[in-house]
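Asks: I'm passing along final.cif; it holds mmCIF, C-alpha atoms.
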```cif
data_coords
loop_
_atom_site.group_PDB
_atom_site.id
_atom_site.type_symbol
_atom_site.label_atom_id
_atom_site.label_comp_id
_atom_site.auth_asym_id
_atom_site.auth_seq_id
_atom_site.Cartn_x
_atom_site.Cartn_y
_atom_site.Cartn_z
ATOM 1 C CA MET A 167 0.000 0.000 0.000
ATOM 2 C CA GLY A 168 2.926 2.319 0.605
ATOM 3 C CA ILE A 169 3.886 2.083 -3.062
ATOM 4 C CA ILE A 170 0.393 3.158 -4.096
ATOM 5 C CA ARG A 171 0.479 6.129 -1.740
ATOM 6 C CA ASN A 172 3.891 7.226 -3.004
ATOM 7 C CA TYR A 173 2.776 6.833 -6.599
ATOM 8 C CA LEU A 174 -0.279 8.950 -5.809
ATOM 9 C CA ASP A 175 1.949 11.618 -4.257
ATOM 10 C CA ASN A 176 3.941 11.764 -7.483
ATOM 11 C CA MET A 177 0.721 12.075 -9.518
ATOM 12 C CA PHE A 178 -0.291 15.166 -7.555
ATOM 13 C CA LEU A 179 3.148 16.836 -7.597
ATOM 14 C CA GLY A 180 2.894 20.377 -8.964
ATOM 15 C CA LEU A 181 -0.738 20.798 -7.964
ATOM 16 C CA PRO A 182 -1.661 23.436 -5.363
ATOM 17 C CA GLN A 183 -2.691 22.016 -1.993
ATOM 18 C CA THR A 184 -6.214 23.431 -2.162
ATOM 19 C CA GLU A 185 -9.226 21.873 -0.483
ATOM 20 C CA GLU A 186 -10.568 20.468 -3.750
ATOM 21 C CA VAL A 187 -7.198 18.927 -4.705
ATOM 22 C CA ILE A 188 -6.819 17.296 -1.281
ATOM 23 C CA ARG A 189 -10.372 15.961 -1.516
ATOM 24 C CA ALA A 190 -9.707 14.573 -5.017
ATOM 25 C CA LYS A 191 -6.482 12.965 -3.822
ATOM 26 C CA ASN A 192 -8.227 11.276 -0.901
ATOM 27 C CA GLU A 193 -11.035 10.047 -3.169
ATOM 28 C CA LEU A 194 -8.571 8.586 -5.647
ATOM 29 C CA LEU A 195 -6.586 6.965 -2.859
ATOM 30 C CA ALA A 196 -9.757 5.321 -1.536
ATOM 31 C CA MET A 197 -10.593 3.974 -4.987
ATOM 32 C CA MET A 198 -7.087 2.649 -5.485
ATOM 33 C CA GLU A 199 -7.050 0.969 -2.071
ATOM 34 C CA ASP A 200 -10.469 -0.615 -2.677
ATOM 35 C CA LYS A 201 -9.313 -1.977 -6.026
ATOM 36 C CA TYR A 202 -6.066 -3.237 -4.503
ATOM 37 C CA ASN A 203 -7.905 -5.096 -1.718
ATOM 38 C CA GLU A 204 -10.351 -6.542 -4.247
ATOM 39 C CA LEU A 205 -7.519 -7.881 -6.392
ATOM 40 C CA LYS A 206 -5.722 -9.335 -3.359
ATOM 41 C CA ASN A 207 -8.904 -11.139 -2.337
ATOM 42 C CA GLU A 208 -9.068 -12.594 -5.841
ATOM 43 C CA GLY A 209 -5.650 -14.171 -5.314
ATOM 44 C CA LYS A 210 -3.442 -11.658 -7.106
ATOM 45 C CA THR A 211 0.106 -11.150 -5.824
ATOM 46 C CA GLU A 212 1.066 -7.794 -4.369
ATOM 47 C CA ASN A 213 3.042 -6.760 -7.470
ATOM 48 C CA GLU A 214 0.233 -7.873 -9.789
ATOM 49 C CA ALA A 215 -2.365 -5.978 -7.755
ATOM 50 C CA ILE A 216 -0.257 -2.797 -7.639
ATOM 51 C CA GLY A 217 0.433 -2.986 -11.373
ATOM 52 C CA ILE A 218 -3.266 -3.322 -12.215
ATOM 53 C CA VAL A 219 -4.253 -0.507 -9.843
ATOM 54 C CA ILE A 220 -1.687 1.862 -11.315
ATOM 55 C CA SER A 221 -2.625 0.971 -14.901
ATOM 56 C CA GLU A 222 -6.300 1.598 -14.111
ATOM 57 C CA PHE A 223 -6.020 4.711 -11.945
ATOM 58 C CA GLY A 224 -2.521 5.999 -12.793
ATOM 59 C CA ASN A 225 -3.519 8.545 -15.444
ATOM 60 C CA LEU A 226 -4.678 11.681 -13.670
ATOM 61 C CA GLU A 227 -5.631 13.436 -16.902
ATOM 62 C CA GLU A 228 -8.248 10.778 -17.628
ATOM 63 C CA LEU A 229 -9.669 11.034 -14.100
ATOM 64 C CA ALA A 230 -9.410 14.798 -13.634
ATOM 65 C CA GLU A 231 -12.929 15.637 -14.785
ATOM 66 C CA ALA A 232 -14.541 12.930 -12.640
ATOM 67 C CA LEU A 233 -12.516 14.127 -9.648
ATOM 68 C CA GLY A 234 -13.445 17.757 -10.260
ATOM 69 C CA ILE A 235 -9.905 19.065 -10.779
ATOM 70 C CA LYS A 236 -9.731 19.374 -14.561
ATOM 71 C CA GLU A 237 -9.139 23.137 -14.503
ATOM 72 C CA VAL A 238 -6.522 22.809 -11.776
ATOM 73 C CA LEU A 239 -4.724 20.076 -13.684
ATOM 74 C CA GLU A 240 -4.543 22.208 -16.830
ATOM 75 C CA LYS A 241 -2.525 24.768 -14.842
ATOM 76 C CA LYS A 242 -0.248 22.129 -13.323
ATOM 77 C CA THR A 243 3.469 22.838 -13.348
ATOM 78 C CA ASP A 244 5.317 20.273 -15.467
ATOM 79 C CA ILE A 245 7.417 17.952 -13.300
ATOM 80 C CA PRO A 246 10.381 16.300 -15.091
ATOM 81 C CA ILE A 247 10.550 12.511 -15.107
ATOM 82 C CA LEU A 248 13.864 10.924 -14.117
ATOM 83 C CA SER A 249 14.773 8.072 -16.422
ATOM 84 C CA TYR A 250 15.591 4.547 -15.311
ATOM 85 C CA ASP A 251 19.187 4.840 -16.570
ATOM 86 C CA GLU A 252 19.751 8.155 -14.754
ATOM 87 C CA ALA A 253 18.467 6.736 -11.475
ATOM 88 C CA LYS A 254 20.566 3.586 -11.789
ATOM 89 C CA GLN A 255 23.695 5.569 -12.687
ATOM 90 C CA TYR A 256 23.198 7.857 -9.686
ATOM 91 C CA ILE A 257 23.063 4.871 -7.332
ATOM 92 C CA GLU A 258 26.158 3.316 -8.914
ATOM 93 C CA ASP A 259 28.126 6.576 -8.742
ATOM 94 C CA SER A 260 27.098 7.108 -5.110
ATOM 95 C CA ILE A 261 28.350 3.631 -4.194
ATOM 96 C CA ALA A 262 31.635 4.135 -6.051
ATOM 97 C CA ILE A 263 32.422 7.551 -4.581
ATOM 98 C CA ALA A 264 31.335 6.892 -0.970
ATOM 99 C CA PRO A 265 34.580 5.103 0.127
ATOM 100 C CA LYS A 266 36.675 7.913 -1.364
ATOM 101 C CA THR A 267 34.812 10.745 0.350
ATOM 102 C CA ALA A 268 34.682 8.650 3.533
ATOM 103 C CA LEU A 269 38.471 8.425 3.448
ATOM 104 C CA GLY A 270 38.654 12.220 3.353
ATOM 105 C CA VAL A 271 36.442 12.471 6.427
ATOM 106 C CA PHE A 272 38.501 9.729 8.112
ATOM 107 C CA LEU A 273 41.742 11.647 7.560
ATOM 108 C CA CYS A 274 40.254 14.864 8.981
ATOM 109 C CA ILE A 275 39.068 13.079 12.121
ATOM 110 C CA ILE A 276 42.307 11.174 12.581
ATOM 111 C CA ALA A 277 44.493 14.266 12.036
ATOM 112 C CA PRO A 278 44.517 15.538 15.653
ATOM 113 C CA ALA A 279 45.224 11.979 16.832
ATOM 114 C CA THR A 280 48.714 12.183 15.314
ATOM 115 C CA LEU A 281 49.536 15.267 17.378
ATOM 116 C CA LEU A 282 48.172 13.678 20.547
ATOM 117 C CA PHE A 283 49.987 10.425 19.811
ATOM 118 C CA ILE A 284 53.361 12.144 19.434
ATOM 119 C CA LEU A 285 52.789 14.222 22.576
ATOM 120 C CA GLY A 286 51.808 11.046 24.423
ATOM 121 C CA LEU A 287 55.007 9.289 23.357
ATOM 122 C CA ARG A 288 57.040 12.206 24.693
ATOM 123 C CA ASP A 289 55.169 12.346 28.013
ATOM 124 C CA MET A 290 55.767 8.618 28.441
ATOM 125 C CA ASN A 291 59.500 9.165 27.703
ATOM 126 C CA ILE A 292 59.354 6.789 24.745
ATOM 127 C CA ILE A 293 60.861 9.512 22.556
ATOM 128 C CA SER A 294 63.258 12.146 23.867
ATOM 129 C CA VAL A 295 62.921 15.390 21.960
ATOM 130 C CA LYS A 296 62.205 18.946 22.937
ATOM 131 C CA GLU A 297 58.579 19.878 23.500
ATOM 132 C CA GLU A 298 58.758 22.510 20.743
ATOM 133 C CA VAL A 299 59.997 19.909 18.262
ATOM 134 C CA THR A 300 57.293 17.466 19.317
ATOM 135 C CA ILE A 301 54.562 20.042 18.835
ATOM 136 C CA ALA A 302 56.013 21.111 15.481
ATOM 137 C CA LEU A 303 56.096 17.501 14.235
ATOM 138 C CA GLY A 304 52.577 16.857 15.507
ATOM 139 C CA LEU A 305 51.123 20.015 13.967
ATOM 140 C CA THR A 306 52.869 19.308 10.676
ATOM 141 C CA ALA A 307 51.339 15.825 10.551
ATOM 142 C CA LEU A 308 47.954 17.232 11.585
ATOM 143 C CA ILE A 309 47.926 19.914 8.893
ATOM 144 C CA LEU A 310 49.114 17.490 6.203
ATOM 145 C CA LEU A 311 46.376 14.997 7.082
ATOM 146 C CA VAL A 312 43.685 17.682 7.158
ATOM 147 C CA ALA A 313 44.894 19.004 3.807
ATOM 148 C CA ALA A 314 44.888 15.481 2.341
ATOM 149 C CA GLY A 315 41.448 14.778 3.782
ATOM 150 C CA VAL A 316 39.885 17.999 2.517
ATOM 151 C CA SER A 317 41.495 17.489 -0.898
ATOM 152 C CA GLN A 318 40.169 13.923 -1.069
ATOM 153 C CA PHE A 319 36.708 14.996 -0.012
ATOM 154 C CA ILE A 320 36.483 17.926 -2.445
ATOM 155 C CA ARG A 321 37.977 15.956 -5.321
ATOM 156 C CA PHE A 322 35.548 13.073 -5.195
ATOM 157 C CA SER A 323 32.424 14.679 -3.719
ATOM 158 C CA SER A 324 32.525 17.128 -6.639
ATOM 159 C CA GLN A 325 31.956 14.177 -8.962
ATOM 160 C CA LEU A 326 28.414 13.964 -7.594
ATOM 161 C CA GLU A 327 27.713 17.665 -8.155
ATOM 162 C CA LYS A 328 26.047 16.840 -11.475
ATOM 163 C CA TYR A 329 23.322 15.171 -9.403
ATOM 164 C CA ASP A 330 22.736 18.171 -7.112
ATOM 165 C CA TYR A 331 19.456 18.875 -8.880
ATOM 166 C CA LEU A 332 18.080 15.616 -7.471
ATOM 167 C CA GLU A 333 18.448 16.964 -3.943
ATOM 168 C CA SER A 334 17.026 20.409 -4.681
ATOM 169 C CA ASN A 335 14.464 19.949 -7.486
ATOM 170 C CA VAL A 336 11.189 18.045 -7.566
ATOM 171 C CA PHE A 337 10.977 15.227 -10.125
ATOM 172 C CA GLN A 338 8.986 12.082 -10.830
ATOM 173 C CA LEU A 339 9.850 8.396 -11.239
ATOM 174 C CA ASP A 340 7.896 6.068 -13.463
ATOM 175 C CA TYR A 341 6.601 2.858 -11.926
ATOM 176 C CA VAL A 342 9.426 0.623 -13.211
ATOM 177 C CA THR A 343 12.138 3.016 -12.031
ATOM 178 C CA GLU A 344 10.528 3.443 -8.629
ATOM 179 C CA GLN A 345 10.300 -0.325 -8.219
ATOM 180 C CA MET A 346 13.983 -0.684 -9.095
ATOM 181 C CA VAL A 347 14.964 1.914 -6.498
ATOM 182 C CA ARG A 348 12.750 0.379 -3.815
ATOM 183 C CA ASN A 349 14.102 -3.099 -4.500
ATOM 184 C CA THR A 350 17.668 -1.795 -4.321
ATOM 185 C CA GLN A 351 16.963 -0.140 -0.982
ATOM 186 C CA ALA A 352 15.236 -3.247 0.364
ATOM 187 C CA GLN A 353 18.167 -5.461 -0.617
ATOM 188 C CA ASP A 354 20.574 -3.131 1.182
ATOM 189 C CA GLU A 355 18.393 -2.636 4.265
ATOM 190 C CA ASN A 356 19.972 -5.319 6.470
ATOM 191 C CA SER A 357 23.509 -4.229 5.602
ATOM 192 C CA TYR A 358 22.629 -0.588 6.278
ATOM 193 C CA LYS A 359 20.973 -1.272 9.628
ATOM 194 C CA TYR A 360 23.868 -3.477 10.709
ATOM 195 C CA ALA A 361 26.382 -0.759 9.779
ATOM 196 C CA VAL A 362 24.411 1.886 11.665
ATOM 197 C CA SER A 363 24.180 -0.285 14.780
ATOM 198 C CA ILE A 364 27.922 -1.048 14.671
ATOM 199 C CA SER A 365 28.882 2.605 14.211
ATOM 200 C CA VAL A 366 26.543 3.824 16.954
ATOM 201 C CA MET A 367 27.952 1.191 19.308
ATOM 202 C CA CYS A 368 31.495 2.330 18.445
ATOM 203 C CA TYR A 369 30.580 5.971 19.096
ATOM 204 C CA ILE A 370 29.279 5.041 22.531
ATOM 205 C CA LEU A 371 32.220 2.785 23.398
ATOM 206 C CA SER A 372 34.764 5.305 22.109
ATOM 207 C CA ALA A 373 34.490 7.239 25.369
ATOM 208 C CA LEU A 374 35.614 4.246 27.447
ATOM 209 C CA PRO A 375 39.395 4.562 26.886
ATOM 210 C CA VAL A 376 39.409 8.146 28.152
ATOM 211 C CA ILE A 377 37.105 7.389 31.093
ATOM 212 C CA ILE A 378 38.968 4.278 32.215
ATOM 213 C CA VAL A 379 42.475 5.730 31.888
ATOM 214 C CA SER A 380 41.478 9.013 33.546
ATOM 215 C CA LEU A 381 39.923 7.243 36.538
ATOM 216 C CA ILE A 382 42.450 4.444 37.036
ATOM 217 C CA LEU A 383 45.777 5.700 35.699
ATOM 218 C CA GLU A 384 46.747 9.267 36.452
ATOM 219 C CA ASN A 385 49.301 9.445 33.707
ATOM 220 C CA GLY A 386 49.273 12.331 31.241
ATOM 221 C CA GLY A 387 50.898 10.333 28.464
ATOM 222 C CA LEU A 388 48.453 7.453 28.803
ATOM 223 C CA ILE A 389 45.523 9.871 28.818
ATOM 224 C CA LEU A 390 46.736 11.326 25.518
ATOM 225 C CA MET A 391 47.015 7.795 24.139
ATOM 226 C CA ALA A 392 43.474 7.094 25.334
ATOM 227 C CA VAL A 393 42.165 10.176 23.532
ATOM 228 C CA THR A 394 44.072 9.045 20.430
ATOM 229 C CA THR A 395 42.352 5.665 20.667
ATOM 230 C CA THR A 396 38.981 7.394 21.006
ATOM 231 C CA LEU A 397 39.576 9.434 17.858
ATOM 232 C CA VAL A 398 40.646 6.335 15.925
ATOM 233 C CA ILE A 399 37.455 4.521 16.938
ATOM 234 C CA VAL A 400 35.317 7.523 15.977
ATOM 235 C CA ALA A 401 37.114 7.832 12.630
ATOM 236 C CA LEU A 402 36.625 4.146 11.801
ATOM 237 C CA ALA A 403 32.964 4.240 12.836
ATOM 238 C CA THR A 404 32.352 7.316 10.676
ATOM 239 C CA TYR A 405 34.101 5.744 7.682
ATOM 240 C CA ASN A 406 31.963 2.618 8.057
ATOM 241 C CA LEU A 407 28.756 4.654 8.356
ATOM 242 C CA ILE A 408 29.441 6.796 5.277
ATOM 243 C CA VAL A 409 30.369 3.825 3.086
ATOM 244 C CA LYS A 410 27.524 1.569 4.160
ATOM 245 C CA SER A 411 24.837 4.268 4.027
ATOM 246 C CA SER A 412 25.571 5.280 0.419
ATOM 247 C CA VAL A 413 22.902 3.027 -1.113
ATOM 248 C CA ASN A 414 20.210 3.967 1.400
ATOM 249 C CA GLU A 415 20.986 7.671 1.067
ATOM 250 C CA ALA A 416 20.930 7.547 -2.738
ATOM 251 C CA CYS A 417 17.589 5.716 -2.687
ATOM 252 C CA ASN A 418 16.130 8.268 -0.279
ATOM 253 C CA VAL A 419 17.156 11.021 -2.695
ATOM 254 C CA LEU A 420 15.544 9.227 -5.641
ATOM 255 C CA LEU A 421 12.377 8.361 -3.715
ATOM 256 C CA GLN A 422 12.283 11.915 -2.318
ATOM 257 C CA LEU A 423 11.974 10.783 1.277
ATOM 258 C CA GLY A 424 12.835 12.598 4.497
ATOM 259 C CA ASP A 425 15.011 15.662 3.880
ATOM 260 C CA TYR A 426 14.599 15.185 0.129
ATOM 261 C CA SER A 427 10.794 15.228 0.015
ATOM 262 C CA ALA A 428 8.984 17.579 -2.345
ATOM 263 C CA LYS A 429 7.692 19.591 0.627
ATOM 264 C CA ILE A 430 11.166 20.055 2.052
ATOM 265 C CA LYS A 431 12.631 20.980 -1.342
ATOM 266 C CA SER A 432 10.068 23.739 -1.741
ATOM 267 C CA ASN A 433 11.035 25.190 1.648
ATOM 268 C CA LYS A 434 14.090 27.265 0.704
ATOM 269 C CA THR A 435 14.429 28.685 4.225
ATOM 270 C CA TYR A 436 14.748 25.157 5.635
ATOM 271 C CA GLN A 437 17.470 24.246 3.138
ATOM 272 C CA THR A 438 19.406 27.448 3.793
ATOM 273 C CA ILE A 439 19.337 26.931 7.568
ATOM 274 C CA LEU A 440 20.625 23.363 7.312
ATOM 275 C CA ARG A 441 23.455 24.319 4.958
ATOM 276 C CA ALA A 442 24.470 27.239 7.161
ATOM 277 C CA TYR A 443 24.321 25.070 10.306
ATOM 278 C CA TRP A 444 27.129 22.704 9.307
ATOM 279 C CA CYS A 445 29.250 25.556 7.939
ATOM 280 C CA ILE A 446 28.988 27.290 11.311
ATOM 281 C CA ILE A 447 29.775 24.079 13.219
ATOM 282 C CA THR A 448 32.846 23.429 11.066
ATOM 283 C CA ALA A 449 34.067 26.998 11.545
ATOM 284 C CA LEU A 450 33.607 26.721 15.327
ATOM 285 C CA TYR A 451 35.475 23.407 15.432
ATOM 286 C CA LEU A 452 38.466 24.620 13.422
ATOM 287 C CA GLY A 453 38.544 28.045 15.066
ATOM 288 C CA TYR A 454 38.432 26.684 18.619
ATOM 289 C CA SER A 455 40.907 23.888 17.886
ATOM 290 C CA PHE A 456 43.571 26.053 16.249
ATOM 291 C CA ILE A 457 43.230 28.896 18.755
ATOM 292 C CA THR A 458 43.352 26.733 21.890
ATOM 293 C CA PHE A 459 45.185 23.682 20.462
ATOM 294 C CA ASN A 460 42.810 21.685 22.627
ATOM 295 C CA TRP A 461 42.274 18.960 20.004
ATOM 296 C CA ALA A 462 41.803 16.426 22.779
ATOM 297 C CA MET A 463 38.449 17.981 23.643
ATOM 298 C CA SER A 464 37.332 19.916 20.557
ATOM 299 C CA TRP A 465 36.091 16.778 18.773
ATOM 300 C CA ILE A 466 33.177 16.727 21.239
ATOM 301 C CA ILE A 467 31.670 19.523 19.120
ATOM 302 C CA TRP A 468 30.652 16.947 16.481
ATOM 303 C CA PRO A 469 28.493 14.570 18.569
ATOM 304 C CA VAL A 470 26.908 17.584 20.309
ATOM 305 C CA ALA A 471 26.231 19.192 16.918
ATOM 306 C CA GLY A 472 24.742 15.924 15.686
ATOM 307 C CA VAL A 473 22.295 15.820 18.587
ATOM 308 C CA LEU A 474 21.352 19.489 18.164
ATOM 309 C CA PHE A 475 20.911 18.957 14.415
ATOM 310 C CA GLY A 476 17.732 17.005 15.047
ATOM 311 C CA ALA A 477 16.287 19.917 17.011
ATOM 312 C CA VAL A 478 17.316 22.424 14.329
ATOM 313 C CA LYS A 479 15.658 20.285 11.644
ATOM 314 C CA ALA A 480 12.476 19.998 13.688
ATOM 315 C CA ILE A 481 12.257 23.750 14.246
ATOM 316 C CA ALA A 482 13.241 24.772 10.714
ATOM 317 C CA GLY A 483 11.025 22.239 9.013
ATOM 318 C CA ARG A 484 7.953 22.196 11.232
ATOM 319 C CA ASP A 485 5.866 24.046 8.642
ATOM 320 C CA SER A 486 6.944 21.600 5.937
ATOM 321 C CA ASN A 487 6.334 18.606 8.138
ATOM 322 C CA SER A 488 2.799 19.753 8.899
ATOM 323 C CA GLY A 489 2.261 20.067 5.179
ATOM 324 C CA MET A 490 3.623 16.587 4.556
ATOM 325 C CA ASN A 491 1.149 15.110 7.006
ATOM 326 C CA LEU A 492 -1.768 16.695 5.205
ATOM 327 C CA ARG A 493 -3.361 13.949 3.168
#
```
Would you write the structure of this file as structure tokens?
Replies:
Amino acid sequence: MGIIRNYLDNMFLGLPQTEEVIRAKNELLAMMEDKYNELKNEGKTENEAIGIVISEFGNLEELAEALGIKEVLEKKTDIPILSYDEAKQYIEDSIAIAPKTALGVFLCIIAPATLLFILGLRDMNIISVKEEVTIALGLTALILLVAAGVSQFIRFSSQLEKYDYLESNVFQLDYVTEQMVRNTQAQDENSYKYAVSISVMCYILSALPVIIVSLILENGGLILMAVTTTLVIVALATYNLIVKSSVNEACNVLLQLGDYSAKIKSNKTYQTILRAYWCIITALYLGYSFITFNWAMSWIIWPVAGVLFGAVKAIAGRDSNSGMNLR
């Protein structure tokens, strides 16, 4: 039934959300659901029933007069249809590029760990060099890794820029293309959920090295090593999450779900706020870290920002969300 509802949403894209359009949409949905249930009772499979329902009720132009929205439909804004090949290529490109952009993020997260690691070795008297030399070596490694990470991220993420219109513009999928995308997402669902659970568990456990060493061993060098271990765990968990979520994210874009829904795309204020949010967070992280050199603690900005992001989305998109629930 979810497929029928989504197909119906695509049929009504570009139409104003007036009372008569909403009434017509609800009437058509009721007819489609009745026909679907009738076909299922006759022994049809789910795919057969959906196919028949869509073939019978899937042409809004033929039904417009009966539904009382003929004049509204004539003024409908044309919505482009994304082809099967374009959708498939987008998924394939997303899968191919995800490990490369994930590596860039990994290098940026791991960068301060090199500085902390070298400082930890010195505090533990494993290496005997002046503090100034240690800091210089650590900062050099940090800056080189950040530069490599940013370069990697920009280089490969830019290869997906040709698909930016999918995230910002409303489009339609034909039935065959939508089925392909849904099947792809369903096949990847277990892998995606497993990756998310593993990464979340790693994020939670990543605090243990710092907590345990700080409480049991009052050794500055070991504490720095513990923070280094924490950053490594966070970096690996983030890499895993980015790589394994590429299919699910691409399918959400194509199916226009969540942050990529037609309602959200039409809310330019919402999109601007979300883009500005992460730019501000990144600036705060880099500014604080380079001014204070407190890399051991500055990484906490990211999990805090992640938690606050949900609240920002809820506030910025509450008008859109109320519109999405109007059926």
Asks: Could you work out how far CA of Gly472 (chain A) lies from CA of Ala442 (chain A), giving the answer in Å with one decimal?
Replies: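 According to the coordinates, CA of Ala442 (chain A) and CA of Gly472 (chain A) are separated by 14.2 Å.
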Asks: For region 200-204 of chain A, work out the shell of residues within 12 Å, counting only C-alpha atoms and skipping chain neighbours fewer than 6 positions away, then give it as an NGL selection string.
Replies: :A and (167-171 or 193-194 or 210-223)
Asks: I need the chosen residues saved as a compact mmCIF listing (two decimals), in the frame of the given file, with C-alpha atoms.
Replies:
```
# COMPACT_ATOMS: atom_id res chain seq x y z
CA MET A 167 0.00 0.00 0.00
CA GLY A 168 2.93 2.32 0.60
CA ILE A 169 3.89 2.08 -3.06
CA ILE A 170 0.39 3.16 -4.10
CA ARG A 171 0.48 6.13 -1.74
CA GLU A 193 -11.04 10.05 -3.17
CA LEU A 194 -8.57 8.59 -5.65
CA LYS A 210 -3.44 -11.66 -7.11
CA THR A 211 0.11 -11.15 -5.82
CA GLU A 212 1.07 -7.79 -4.37
CA ASN A 213 3.04 -6.76 -7.47
CA GLU A 214 0.23 -7.87 -9.79
CA ALA A 215 -2.37 -5.98 -7.76
CA ILE A 216 -0.26 -2.80 -7.64
CA GLY A 217 0.43 -2.99 -11.37
CA ILE A 218 -3.27 -3.32 -12.22
CA VAL A 219 -4.25 -0.51 -9.84
CA ILE A 220 -1.69 1.86 -11.32
CA SER A 221 -2.62 0.97 -14.90
CA GLU A 222 -6.30 1.60 -14.11
CA PHE A 223 -6.02 4.71 -11.94
```
Asks: Quick one: which region 242-326 of chain A residues come within 8 Å of region 389-409 of chain A, and what is the nearest atom pair for each with the distance in Å to one decimal, counting all atoms listed in the file, rows ordered by chain and ascending number, as a Markdown table?
Replies:
```
| residue | atom | partner | partner_atom | distance |
| --- | --- | --- | --- | --- |
| A:Ile261 | CA | A:Val409 | CA | 7.6 |
| A:Ala264 | CA | A:Val409 | CA | 5.2 |
| A:Pro265 | CA | A:Val409 | CA | 5.3 |
| A:Ala268 | CA | A:Tyr405 | CA | 5.1 |
| A:Leu269 | CA | A:Tyr405 | CA | 6.6 |
| A:Val271 | CA | A:Tyr405 | CA | 7.2 |
| A:Phe272 | CA | A:Ala401 | CA | 5.1 |
| A:Leu273 | CA | A:Ala401 | CA | 7.9 |
| A:Ile275 | CA | A:Ala401 | CA | 5.6 |
| A:Ile276 | CA | A:Val398 | CA | 6.1 |
| A:Ala279 | CA | A:Thr394 | CA | 4.8 |
| A:Thr280 | CA | A:Thr394 | CA | 7.6 |
| A:Leu282 | CA | A:Leu390 | CA | 5.7 |
| A:Phe283 | CA | A:Met391 | CA | 5.9 |
| A:Leu285 | CA | A:Leu390 | CA | 7.3 |
| A:Gly286 | CA | A:Leu390 | CA | 5.2 |
```
Asks: For the file shown, report as number ranges by chain the outcome of the PyMOL selection byres ((chain A and resi 227-238) around 12) at residue level.
Replies: A: 177-178, 180-195, 197, 221-226, 239-243
Asks: Please report the interatomic distance between CA of Leu423 (chain A) and CA of Val316 (chain A) in Å with one decimal.
Replies: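 We find that CA of Leu423 (chain A) and CA of Val316 (chain A) lie 28.9 Å from each other.
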Asks: Calculated over all atoms listed in the file, which of the candidates A:Ile466, A:Leu339, A:Leu371, A:Leu311 has the smallest distance to Cys417 (chain A)?
Replies: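 When distances to Cys417 (chain A) are compared using all atoms listed in the file, the smallest one comes from A:Leu339.
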Asks: Rounded to one decimal, what separation in Å do you get between CA of Ile457 (chain A) and CA of Lys296 (chain A)?
Replies: 21.8 Å
Asks: List the spatial neighbours of region 327-330 of chain A as an MDAnalysis selection string - criterion: any atom at most 12 Å away, only C-alpha atoms, same-chain residues fewer than 5 positions off excluded.
Replies: chainID A and resid 248 252:253 255:257 259:260 263 320:322 335:336 416 419:420 426 431
Asks: Show me, as a ChimeraX atom specification, the residues that have an atom within 10 Å of Tyr454 (chain A) when counting all atoms listed in the file, minus same-chain residues fewer than 6 positions from it.
Replies: /A:448,460-461,464,467
Asks: Return the single residue from A:Gln422, A:Ser412, A:Asn291, A:Ser372 that is closest to Gly386 (chain A), with distances computed using all atoms listed in the file.
Replies: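 Of all the options, A:Asn291 lies closest to Gly386 (chain A).
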Asks: Skip Asp340 (chain A) itself and residues of its chain fewer than 6 positions away, then list as a PDB file with C-alpha atoms, in the coordinates of the input all residues within 9 Å of it, counting only C-alpha atoms.
Replies:
```pdb
ATOM      1  CA  TYR A 173       2.776   6.833  -6.599  1.00  0.00           C
ATOM      2  CA  ILE A 247      10.550  12.511 -15.107  1.00  0.00           C
ATOM      3  CA  LEU A 248      13.864  10.924 -14.117  1.00  0.00           C
ATOM      4  CA  SER A 249      14.773   8.072 -16.422  1.00  0.00           C
ATOM      5  CA  TYR A 250      15.591   4.547 -15.311  1.00  0.00           C
TER       6      TYR A 250
END
```
